[in-house]
Amino acid sequence: MMTARHPMTLTQKILAAHAVGLPRPYVQAGDVLQIRVDWTIASELAWNGMDRTYALLGRPRLHDKNRFFLAVDHTVDPETLAKDKRAQRLAQLSRDFALESGIRHFYDANETILHTKFYRDLVQPGEVVLGADSHTSSHGGLGAFAIGLGGADITAAMVLGESWIEVPEAIAVEYTGRPAFGITGKDIILKTLGDLGRNTVAMERSVEYRGEAVRGFSTDMRFTIANMTAEFGGLNGIFEADGIVAAWLLGREGYNDGARYFRADDDAPYVARFPIDLGKLGPLVAKPVSPDNVVRVEEVAGQHLDGCFIGACTTTEEELVLGALVLEAALAEGRVAVSRGQRIVVPGDRSIEARLAERGLWAFYERAGFAVDPPGCSMCLGVASRKAGKGEHWLSSQNRNFPNRMGEGSFAYLASAATVAASALDLAIADPRPLLQRIDEGRYNRLLGRDDGRPLPEVRAVEPEARVAASANGAGANGSTGANGSGEATAAPADHLLRGRVQRFGDNVDTDAIIPGQFCHLTELTDLGDKAFHFVRPEFGARVREGRTIIVADEGWGSGSSREQAVWALQGAGIAAVIAKSFAFIHKRNLVNEALPYLVVADAEFYALAAEDAALEIDLAAGTVRHVESGRSFAARGGSPMILALQREGGLVSAIKHHGPSVFSDIAAS
């Protein structure tokens with residue numbers, strides 16, 4: 001007897017192929033799955049918190065020491081490593097773990113950027129990658145299901161080889177038209193953000209990038225677009241791997257034989273499809289202080305700059321080469337760099353650095369006044385020696401321009417490396433197209449090794465071989481349950497009644513605001529609590545001590561970085577619960593893992609009443625919030641069974657200690 005066909009998205013097919021104990025040979029949005037994990041990855045800044053979790057678990061043996069990737073890249077540069085004891089401690093902590101565990105893939109300071117090396121050398125289509133960094137989404141550029149999570153989740157997956165996931169809804173972004181030469185992946189994702197908005201249609205969803213134009217995207221372009229899916233608000237961003245990806249894999253020395261080329265079904269269940277025409281796309285700039293505050297470069301041309309930065313994980317070899325050629329064209333016109341300000345360029349990996357040196361391209365950066373630094377996150381995080389000053393305006397090819405991101409009180413504009421290069425000599429935002437027109441496209445391709453003329457390899461699409469349980473009883477794929485459909489609430493601790501007054505926040509409060517990167521080296525809850533909202537609401541801690549212990553926010557609470565320190569900071573400050581209209585996926589997982597209660601309430605009347613200093617009473621067992629003055633109660637929807645179970649266990653570490661390696665299967669069956 002034939003089984004009815006159930007169409008799936010690309011993400012759903014990868015998850016079905018990795019699921020354990022499925023009750024049926026397909027998955028759909030809302031299913032809660034136990035999944036096998038191919039890779040876990042982290043930086044030294046994430047390892048700082050992960051080591052705390054690893055110690056709480058008793059420092060067990062890793063599931064596969066050859067499948068954990070650790071790079072020292074976030075807080076380091078030569079000057080910082082020489083002088084900053086914090087950076088020295090973080091780097092040494094990672095070195096010590098690498099020696100202790102015998103992991104194969106460890107990269108010390110200023111060798112590479114986490115995502116650059118992993119994407120170029122290791123990840124393959126069809127794999128599941130979990131990373132302790134929100135930009136783990138980058139690896140969807142090669143057709144992997146790759147998501148950022150908090151350090152506790154990554155530590156658990158590193159030890160167990162498994163994790164859990166609620167299958168996300170999916171949207172399709174369908175690109176048409178052929179972008180002009182010099183329009184990069186950065187311009188394309190800025191166009192997407194500008195048209196569709198941050199933390200809107202992509203929020204907590206899989207974003208599948210499709211359309212006729214995609215067939216012409218290089219692997220570097222796909223990387224950048226998938227990388228900034230984190231800014232879009234998506235759980236993951238992913239492209240179908242094709243001949244371009246297969247050709248890239250053939251150029252590797254290894255990790256090129258395990259690719260699985262899944263395809264979304266033609267009638268895949270996308271929540272929505274969003275067409276975007278790239279045919280007339282020009283260079284774009286995201287103005288402060290959000291990556292979706294996007295305008296055409298002409299609208300900000302002439303904007304005074306104090307500095308230009310080309311680098312960070314979103315900036316690929318392709319963009320570095322293009323930036324060099326833009327500078328070459330400008331210098332050929334006799335232009336010279338103005339004497340004021342700063343210009344910094346940072347390659348993503350030593351191999352890229354060496355290739356640009358071999359081709360003589362660094363010379364153009366140096367003649368244009370750029371300091372060429374070794375690989376690392378550098379200006380993007382604003383925590384090492386390279387940072388912008390108060391009141392300074394910088395143009396950067398990085399991925400985030402939140403307040404204080406490049407340094408306290410600074411302002412960041414985002415653009416492609418070509419636009420940054422065109423703006424660097426005069427330190428004023430400039431349209432790169434006049435210079436791009438002077439570049440020989442054939443030479444550009446030859447510099448990137450793309451001129452061999454060989455046909456692309458053919459790829460064979462495959463279907464997932466789902467592992468269906470012998471006696472399927474539904475334990476492996478559970479939908480949401482709870483009080484009603486109006487919101488979401490975590491399970492109740494023993495003391496399920498919480499009382500406090502409100503600290504009120506608006507939309508899209510990011511984790512950089514909750515705990516700035518400068519303080520993510522801290523691990524003690526009270527220390528982190530003292531630094532919560534350090535730049536944007538320095539009175540936060542004092543308000544908590546006065547009884548304002550319940551946060552009420554609007555859409556997109558906890559977006560941005562995956563840092564679990566954001567939850568620890570809330571706990572350390574004394575926050576009892578967080579209520580919002582919606583939560584960023586990673587931050588919500590971190591709240592669950594650390595057993596800090598959260599509630600999603602949809603009713604607009606609640607938010608009208610829950611003003612600053614309003615008294616609230618939360619009944620976690622009933623999933624309700626009462627506004628004390630009016631006496632009105634509002635309901636919150638229950639979380640998924642896995643979330644509720646983890647909350648009952650007191651968080652992820654407690655659950656693993658209780659159940660051991662079978663934690664996810666035990667909880668799923670409960």
# chains A, B, ... in the order shown; residues from 1 in each chain; ligands from 1
call {"tool": "residues_around", "arguments": {"residues": "Ala569 in chain A", "least_positions_apart": "6", "cutoff": "7 Å", "atoms": "only C-alpha atoms", "output": "ChimeraX atom specification"}}
result
/A:515,525,528-529,532
call {"tool": "residues_around", "arguments": {"residues": "range 108-125 of chain A", "least_positions_apart": "3", "cutoff": "6 Å", "atoms": "only C-alpha atoms", "output": "MDAnalysis selection string"}}
result
chainID A and resid 71:73 139 142:144 255 259:260 348:350 374:376
call {"tool": "write_last_selection", "arguments": {"atoms": "N, CA and C atoms", "output": "mmCIF file, in the first residue's frame"}}
result
data_model
loop_
_atom_site.group_PDB
_atom_site.id
_atom_site.type_symbol
_atom_site.label_atom_id
_atom_site.label_comp_id
_atom_site.auth_asym_id
_atom_site.auth_seq_id
_atom_site.Cartn_x
_atom_site.Cartn_y
_atom_site.Cartn_z
ATOM 1 N N ALA A 71 37.823 28.000 17.712
ATOM 2 C CA ALA A 71 38.744 29.020 17.202
ATOM 3 C C ALA A 71 38.803 30.201 18.166
ATOM 4 N N VAL A 72 40.002 30.700 18.382
ATOM 5 C CA VAL A 72 40.216 31.887 19.217
ATOM 6 C C VAL A 72 40.194 33.097 18.285
ATOM 7 N N ASP A 73 39.064 33.826 18.261
ATOM 8 C CA ASP A 73 38.938 34.885 17.255
ATOM 9 C C ASP A 73 38.200 36.136 17.730
ATOM 10 N N HIS A 139 26.651 28.745 7.493
ATOM 11 C CA HIS A 139 26.992 27.487 6.846
ATOM 12 C C HIS A 139 25.836 26.898 6.050
ATOM 13 N N LEU A 142 26.307 26.579 2.138
ATOM 14 C CA LEU A 142 26.702 25.341 1.455
ATOM 15 C C LEU A 142 25.656 24.251 1.614
ATOM 16 N N GLY A 143 24.444 24.613 2.047
ATOM 17 C CA GLY A 143 23.370 23.631 2.102
ATOM 18 C C GLY A 143 23.313 22.806 3.365
ATOM 19 N N ALA A 144 23.887 23.294 4.452
ATOM 20 C CA ALA A 144 23.790 22.616 5.750
ATOM 21 C C ALA A 144 22.685 23.271 6.570
ATOM 22 N N TYR A 255 37.090 16.454 3.433
ATOM 23 C CA TYR A 255 35.737 16.860 3.802
ATOM 24 C C TYR A 255 34.921 17.263 2.564
ATOM 25 N N ALA A 259 28.803 14.865 1.146
ATOM 26 C CA ALA A 259 27.723 15.795 0.805
ATOM 27 C C ALA A 259 26.452 15.050 0.433
ATOM 28 N N ARG A 260 25.325 15.574 0.928
ATOM 29 C CA ARG A 260 24.008 15.062 0.527
ATOM 30 C C ARG A 260 23.194 16.230 -0.001
ATOM 31 N N GLY A 348 39.736 36.973 6.731
ATOM 32 C CA GLY A 348 39.058 35.993 7.564
ATOM 33 C C GLY A 348 39.891 34.780 7.913
ATOM 34 N N ASP A 349 41.007 34.578 7.203
ATOM 35 C CA ASP A 349 41.795 33.368 7.436
ATOM 36 C C ASP A 349 43.203 33.596 6.886
ATOM 37 N N ARG A 350 44.180 32.890 7.464
ATOM 38 C CA ARG A 350 45.556 33.022 7.001
ATOM 39 C C ARG A 350 45.693 32.628 5.529
ATOM 40 N N PRO A 374 45.941 40.857 11.317
ATOM 41 C CA PRO A 374 45.750 39.412 11.172
ATOM 42 C C PRO A 374 44.302 39.019 11.437
ATOM 43 N N PRO A 375 43.918 37.799 11.068
ATOM 44 C CA PRO A 375 42.518 37.382 11.190
ATOM 45 C C PRO A 375 41.966 37.489 12.606
ATOM 46 N N GLY A 376 40.708 37.860 12.685
ATOM 47 C CA GLY A 376 39.992 37.979 13.942
ATOM 48 C C GLY A 376 38.753 38.823 13.742
#
call {"tool": "select_by_dssp", "arguments": {"residues": "range 306-483 of chain A", "states": "strand (DSSP E or B)", "output": "JSON, numbers by chain"}}
result
{"A": [307, 308, 309, 310, 342, 343, 344, 345, 349, 371, 372, 393, 394, 395, 396, 411, 412, 413, 414, 428, 461, 462, 468]}
call {"tool": "residues_around", "arguments": {"residues": "Asn399 in chain A", "least_positions_apart": "4", "cutoff": "9 Å", "atoms": "only C-alpha atoms", "output": "list in words"}}
result
Lys186, Thr224, Asn227, Met228, Glu231, Pro291, Ala312, Cys313, Thr314, Thr315, Cys380, Leu414 and Ala415 of chain A
call {"tool": "atom_distance", "arguments": {"atom1": "CA of Met158 in chain A", "atom2": "CA of Gly58 in chain A"}}
result
13.6 Å
call {"tool": "closest_residue", "arguments": {"among": "A:Gly177, A:Gly556, A:Gly442, A:Pro641", "to": "Val600 in chain A", "atoms": "only C-alpha atoms"}}
result
A:Gly556
call {"tool": "select_by_dssp", "arguments": {"residues": "range 200-418 of chain A", "states": "alpha helix (DSSP H)", "output": "number ranges by chain"}}
result
A: 219-227, 229-232, 243-250, 297-300, 317-332, 350-358, 362-367, 417-418
